[in-house]
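> Just one file: upload02.txt, with compact mmCIF, C-alpha atoms and all ligand atoms.
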# COMPACT_ATOMS: atom_id res chain seq x y z
CA MET D 94 -5.01 4.15 -26.56
CA ASN D 95 -5.06 1.28 -24.15
CA ARG D 96 -8.60 0.80 -22.90
CA LYS D 97 -7.90 -2.14 -20.61
CA PRO D 98 -8.53 -1.52 -16.93
CA LEU D 99 -5.48 -1.13 -14.71
CA LEU D 100 -4.48 -3.84 -12.26
CA LEU D 101 -2.65 -2.10 -9.41
CA ILE D 102 -0.47 -4.56 -7.52
CA ASP D 103 0.86 -4.19 -3.99
CA VAL D 104 3.82 -6.40 -3.03
CA ASP D 105 3.89 -6.73 0.76
CA GLY D 106 0.71 -8.51 1.78
CA PRO D 107 -0.66 -9.79 -1.55
CA LEU D 108 2.51 -11.27 -3.09
CA ASN D 109 4.66 -11.45 0.06
CA PRO D 110 2.46 -12.63 2.97
CA TYR D 111 4.92 -11.19 5.44
CA ALA D 112 2.59 -11.62 8.41
CA ALA D 113 2.13 -15.38 7.97
CA LYS D 114 1.88 -17.18 11.28
CA ALA D 115 4.89 -18.28 13.29
CA GLN D 116 7.32 -16.79 10.77
CA ARG D 117 7.06 -20.03 8.81
CA ARG D 118 7.21 -20.12 5.03
CA PRO D 119 3.70 -20.65 3.67
CA GLU D 120 3.15 -23.62 1.36
CA GLY D 121 3.90 -22.91 -2.29
CA TYR D 122 6.20 -19.99 -1.45
CA THR D 123 9.96 -19.68 -1.82
CA THR D 124 12.13 -17.60 0.50
CA HIS D 125 14.19 -14.75 -0.89
CA ARG D 126 16.67 -12.44 0.84
CA MET D 127 16.64 -8.94 -0.59
CA ARG D 128 18.36 -5.62 -0.06
CA PRO D 129 16.20 -2.94 -1.65
CA THR D 130 17.48 0.62 -1.15
CA GLY D 131 14.67 1.41 1.31
CA TRP D 132 15.93 -1.34 3.60
CA THR D 133 18.26 0.72 5.74
CA GLY D 134 19.10 1.54 9.34
CA ALA D 135 19.63 -0.96 12.12
CA GLU D 136 17.69 -3.62 10.21
CA SER D 137 20.00 -3.43 7.25
CA ALA D 138 22.58 -5.76 8.78
CA LYS D 139 20.23 -8.56 7.81
CA PRO D 140 18.63 -8.72 4.38
CA LEU D 141 14.87 -8.48 4.13
CA ARG D 142 13.06 -11.82 4.01
CA VAL D 143 10.50 -11.98 1.20
CA TRP D 144 8.22 -14.92 0.45
CA LEU D 145 7.05 -15.25 -3.15
CA ASN D 146 4.89 -17.82 -4.90
CA PRO D 147 6.08 -18.44 -8.49
CA ASP D 148 2.52 -19.45 -9.48
CA HIS D 149 1.45 -15.86 -8.84
CA GLY D 150 3.63 -14.69 -11.73
CA ALA D 151 1.79 -16.99 -14.14
CA GLU D 152 -1.57 -15.91 -12.71
CA LEU D 153 -0.70 -12.24 -13.18
CA LEU D 154 0.56 -12.83 -16.71
CA ALA D 155 -2.75 -14.52 -17.53
CA LEU D 156 -4.56 -11.45 -16.16
CA ALA D 157 -2.42 -9.22 -18.38
CA GLU D 158 -4.71 -10.27 -21.26
CA ALA D 159 -7.48 -8.30 -19.59
CA TYR D 160 -5.57 -5.68 -17.59
CA GLU D 161 -2.60 -3.36 -17.79
CA LEU D 162 -0.43 -4.45 -14.84
CA VAL D 163 1.07 -1.69 -12.68
CA TRP D 164 3.06 -1.86 -9.43
CA ALA D 165 1.36 0.01 -6.59
CA THR D 166 3.90 -0.64 -3.86
CA THR D 167 6.45 1.14 -1.68
CA TRP D 168 9.00 -0.92 -3.63
CA LYS D 169 8.19 1.43 -6.54
CA ASP D 170 10.57 0.74 -9.46
CA GLU D 171 12.57 -1.68 -7.33
CA ALA D 172 9.71 -4.16 -7.64
CA ASN D 173 11.02 -4.55 -11.19
CA ASP D 174 14.49 -5.43 -9.92
CA TRP D 175 13.62 -7.68 -6.97
CA ILE D 176 10.05 -9.00 -7.30
CA ALA D 177 9.40 -9.33 -11.04
CA PRO D 178 12.34 -11.65 -11.90
CA PRO D 179 11.56 -14.46 -9.41
CA LEU D 180 7.90 -14.32 -10.49
CA GLY D 181 8.79 -14.40 -14.20
CA LEU D 182 7.15 -11.02 -14.80
CA PRO D 183 8.42 -8.38 -17.23
CA ARG D 184 9.28 -4.89 -15.99
CA LEU D 185 6.02 -3.09 -15.29
CA PRO D 186 5.07 0.56 -14.92
CA PHE D 187 4.83 1.68 -11.29
CA ILE D 188 3.13 4.40 -9.29
CA ASP D 189 5.75 6.91 -8.18
CA TRP D 190 4.15 8.04 -4.90
CA PRO D 191 4.68 11.79 -4.24
CA GLN D 192 4.90 10.90 -0.54
CA MET D 193 4.80 7.57 1.29
CA HIS D 194 3.05 6.93 4.62
CA GLY D 195 1.94 10.58 4.66
CA ARG D 196 -1.34 12.37 5.18
CA ALA D 197 -4.54 10.99 3.73
CA PRO D 198 -8.07 12.39 3.51
CA ARG D 199 -11.00 11.08 5.54
CA GLY D 200 -9.35 8.11 7.19
CA THR D 201 -8.28 6.58 3.90
CA PHE D 202 -5.09 4.64 3.34
CA TRP D 203 -2.28 7.00 2.23
CA LYS D 204 -2.02 5.29 -1.17
CA THR D 205 -5.67 5.79 -2.11
CA GLN D 206 -5.49 9.48 -3.09
CA TYR D 207 -2.55 8.76 -5.41
CA VAL D 208 -4.18 5.65 -6.85
CA LEU D 209 -7.08 7.83 -8.01
CA GLU D 210 -4.69 10.38 -9.49
CA TYR D 211 -2.80 7.68 -11.34
CA ALA D 212 -5.98 6.03 -12.63
CA GLY D 213 -7.15 9.35 -14.02
CA GLY D 214 -10.73 8.21 -14.39
CA ARG D 215 -9.81 4.85 -15.94
CA PRO D 216 -11.34 1.64 -14.54
CA PHE D 217 -9.02 -0.19 -12.16
CA ALA D 218 -8.72 -3.15 -9.86
CA TRP D 219 -6.41 -2.80 -6.88
CA ILE D 220 -5.01 -5.55 -4.67
CA ASP D 221 -3.63 -4.44 -1.31
CA ASP D 222 -3.70 -5.60 2.32
CA ASP D 223 -4.40 -2.08 3.67
CA ILE D 224 -7.72 -1.38 1.93
CA THR D 225 -10.70 -0.63 4.21
CA ASP D 226 -14.33 0.39 3.71
CA LEU D 227 -13.24 4.04 4.04
CA ASP D 228 -11.18 3.61 0.89
CA ARG D 229 -14.09 1.96 -0.92
CA GLU D 230 -16.37 4.82 0.07
CA TYR D 231 -13.83 7.45 -1.01
CA VAL D 232 -13.30 5.78 -4.39
CA ASP D 233 -17.05 5.33 -4.91
CA GLN D 234 -17.55 9.05 -4.40
CA ARG D 235 -14.64 10.34 -6.44
CA HIS D 236 -13.86 7.88 -9.20
CA PRO D 237 -16.08 8.13 -12.30
CA ALA D 238 -15.32 4.62 -13.61
CA ARG D 239 -15.57 1.09 -12.23
CA ALA D 240 -13.17 0.12 -9.48
CA LEU D 241 -12.55 -3.11 -7.60
CA LEU D 242 -10.73 -2.73 -4.29
CA LEU D 243 -9.67 -6.21 -3.31
CA ARG D 244 -8.30 -6.54 0.19
CA VAL D 245 -5.81 -9.37 0.59
CA ASP D 246 -4.94 -10.83 3.99
CA GLU D 247 -1.27 -10.09 4.73
CA ARG D 248 -1.05 -13.39 6.62
CA ILE D 249 -2.22 -15.39 3.60
CA GLY D 250 -1.45 -13.56 0.36
CA LEU D 251 -3.30 -13.89 -2.92
CA LEU D 252 -5.55 -16.91 -3.28
CA ARG D 253 -7.15 -18.74 -6.20
CA ALA D 254 -10.44 -16.99 -5.39
CA ASP D 255 -8.75 -13.58 -5.77
CA PHE D 256 -7.43 -14.38 -9.25
CA ASP D 257 -10.86 -15.72 -10.21
CA ALA D 258 -12.53 -12.57 -8.90
CA LEU D 259 -10.10 -10.38 -10.87
CA ALA D 260 -10.71 -12.34 -14.08
CA ALA D 261 -14.47 -12.19 -13.57
CA TRP D 262 -14.46 -8.47 -12.84
CA ALA D 263 -12.49 -7.64 -16.02
CA ALA D 264 -14.89 -9.77 -18.09
MG MG M 1 0.88 -4.02 1.56
Any chance you could put this one into structure tokens?


Amino acid sequence: MNRKPLLLIDVDGPLNPYAAKAQRRPEGYTTHRMRPTGWTGAESAKPLRVWLNPDHGAELLALAEAYELVWATTWKDEANDWIAPPLGLPRLPFIDWPQMHGRAPRGTFWKTQYVLEYAGGRPFAWIDDDITDLDREYVDQRHPARALLLRVDERIGLLRADFDALAAWAA
């Protein structure tokens, strides 16, 4: 049985700082044009712009010594098709949300309830741009093991300090 903590990884915000200022590509990032199946409707004429930093793939692989990496993103399994290859990551397990953007208890982010279900009492770290103190409180009260909820700024993406914090927490 794998006793490593989980590392739950959101895409939009932490890996793709979609809200970066002035729509300009942040330093260290490369621009990708993608057509995931969820990208439909009027927007679908143009592919989705995604910024990715190849260094983040190496950082996550290094963390895979200490964690089991899992996608926790609305990209679901498509993160394996679109996001993993440019980052040099293998296919990873993913959380298959029962419902996306739906109801959530006590002001929490909609993902939080399902994150706890998926973790099943196992320690986890979670990187996401939508985490708030309400999520931390909810997890504190309901999760029996350690948990690190690391909010990442969607204008900036993951930083050196975040990878250091994740490595330190697992140790
Ligand atoms: Mg996000």

> Between D:His149, D:Lys204, D:Arg215, D:Arg229, which residue has the minimum interatomic distance to ligand MG 1 (chain M), considering all atoms listed in the file?

D:Lys204

> Give me, as a CSV table (one decimal) with C-alpha atoms, in the coordinates of the input, all polymer residues having an atom no more than 10 Å from stretch 116-132 of chain D, counting all atoms listed in the file and skipping those fewer than 2 positions away in the same chain.


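Final file, out04.csv:
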chain,number,residue,atom,x,y,z
D,108,LEU,CA,2.5,-11.3,-3.1
D,109,ASN,CA,4.7,-11.4,0.1
D,110,PRO,CA,2.5,-12.6,3.0
D,111,TYR,CA,4.9,-11.2,5.4
D,112,ALA,CA,2.6,-11.6,8.4
D,113,ALA,CA,2.1,-15.4,8.0
D,114,LYS,CA,1.9,-17.2,11.3
D,134,GLY,CA,19.1,1.5,9.3
D,135,ALA,CA,19.6,-1.0,12.1
D,136,GLU,CA,17.7,-3.6,10.2
D,137,SER,CA,20.0,-3.4,7.2
D,138,ALA,CA,22.6,-5.8,8.8
D,139,LYS,CA,20.2,-8.6,7.8
D,140,PRO,CA,18.6,-8.7,4.4
D,141,LEU,CA,14.9,-8.5,4.1
D,142,ARG,CA,13.1,-11.8,4.0
D,143,VAL,CA,10.5,-12.0,1.2
D,144,TRP,CA,8.2,-14.9,0.4
D,145,LEU,CA,7.0,-15.2,-3.2
D,146,ASN,CA,4.9,-17.8,-4.9
D,147,PRO,CA,6.1,-18.4,-8.5
D,148,ASP,CA,2.5,-19.4,-9.5
D,149,HIS,CA,1.4,-15.9,-8.8
D,167,THR,CA,6.4,1.1,-1.7
D,168,TRP,CA,9.0,-0.9,-3.6
D,171,GLU,CA,12.6,-1.7,-7.3
D,172,ALA,CA,9.7,-4.2,-7.6
D,174,ASP,CA,14.5,-5.4,-9.9
D,175,TRP,CA,13.6,-7.7,-7.0
D,176,ILE,CA,10.0,-9.0,-7.3
D,179,PRO,CA,11.6,-14.5,-9.4
D,248,ARG,CA,-1.0,-13.4,6.6
D,249,ILE,CA,-2.2,-15.4,3.6
D,250,GLY,CA,-1.4,-13.6,0.4

> Pick out the closest residue to D:Val163 from this set: D:Pro186, D:Pro216, D:Gly150, D:Gly200. Count only C-alpha atoms.

D:Pro186

> Contacts of D:Leu100 at 7 Å or less, counting all atoms listed in the file, minus same-chain residues fewer than 3 places along, as a list in words?

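The filter keeps Tyr160, Glu161, Leu162, Val163, Phe217, Ala218 and Trp219 of chain D.
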
> Could you list, as a PyMOL selection string, all protein and nucleic acid residues with an atom at most 8 Å from ligand MG 1 (chain M), counting only C-alpha atoms and all ligand atoms?

chain D and resi 103-107+166+221-223+247

> What is the atom CA of D:Leu259-atom CA of D:Leu99 distance in Å, reported with one decimal?

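Answer for the atom CA of D:Leu259 to atom CA of D:Leu99 separation: 11.0 Å.
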
> I need the residue nearest D:Ala240 from this list: D:Leu227, D:Ile220, D:Leu252, D:Ile188. Use all atoms listed in the file for the distance.

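Under the stated criterion, the closest residue is D:Ile220.
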
> Rounded to one decimal in Å, what is the spacing between atom CA of D:Asp189 and atom CA of D:Lys169?

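Separation of atom CA of D:Asp189 and atom CA of D:Lys169: 6.2 Å.
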
> State, in Å with one decimal place, the distance from atom CA of D:Thr201 to atom CA of D:Phe256.

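A separation of 24.8 Å between them.
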
> Which residue is closest to D:Val245? Choose from D:Leu180, D:Ala264, D:Ala197, D:Ile102 and count all atoms listed in the file.

D:Ile102

> Using all atoms listed in the file, can you tell me which of D:Ala159, D:Leu242, D:Ala151, D:Val232 comes closest to D:Leu182?

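Of D:Ala159, D:Leu242, D:Ala151, D:Val232, the one nearest D:Leu182 is D:Ala151, counting all atoms listed in the file.
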
> For a quick check of understanding, using all atoms listed in the file, which of D:Ala165, D:Ala155, D:Arg96, D:Thr133 has the smallest distance to D:Ala260?

D:Ala155
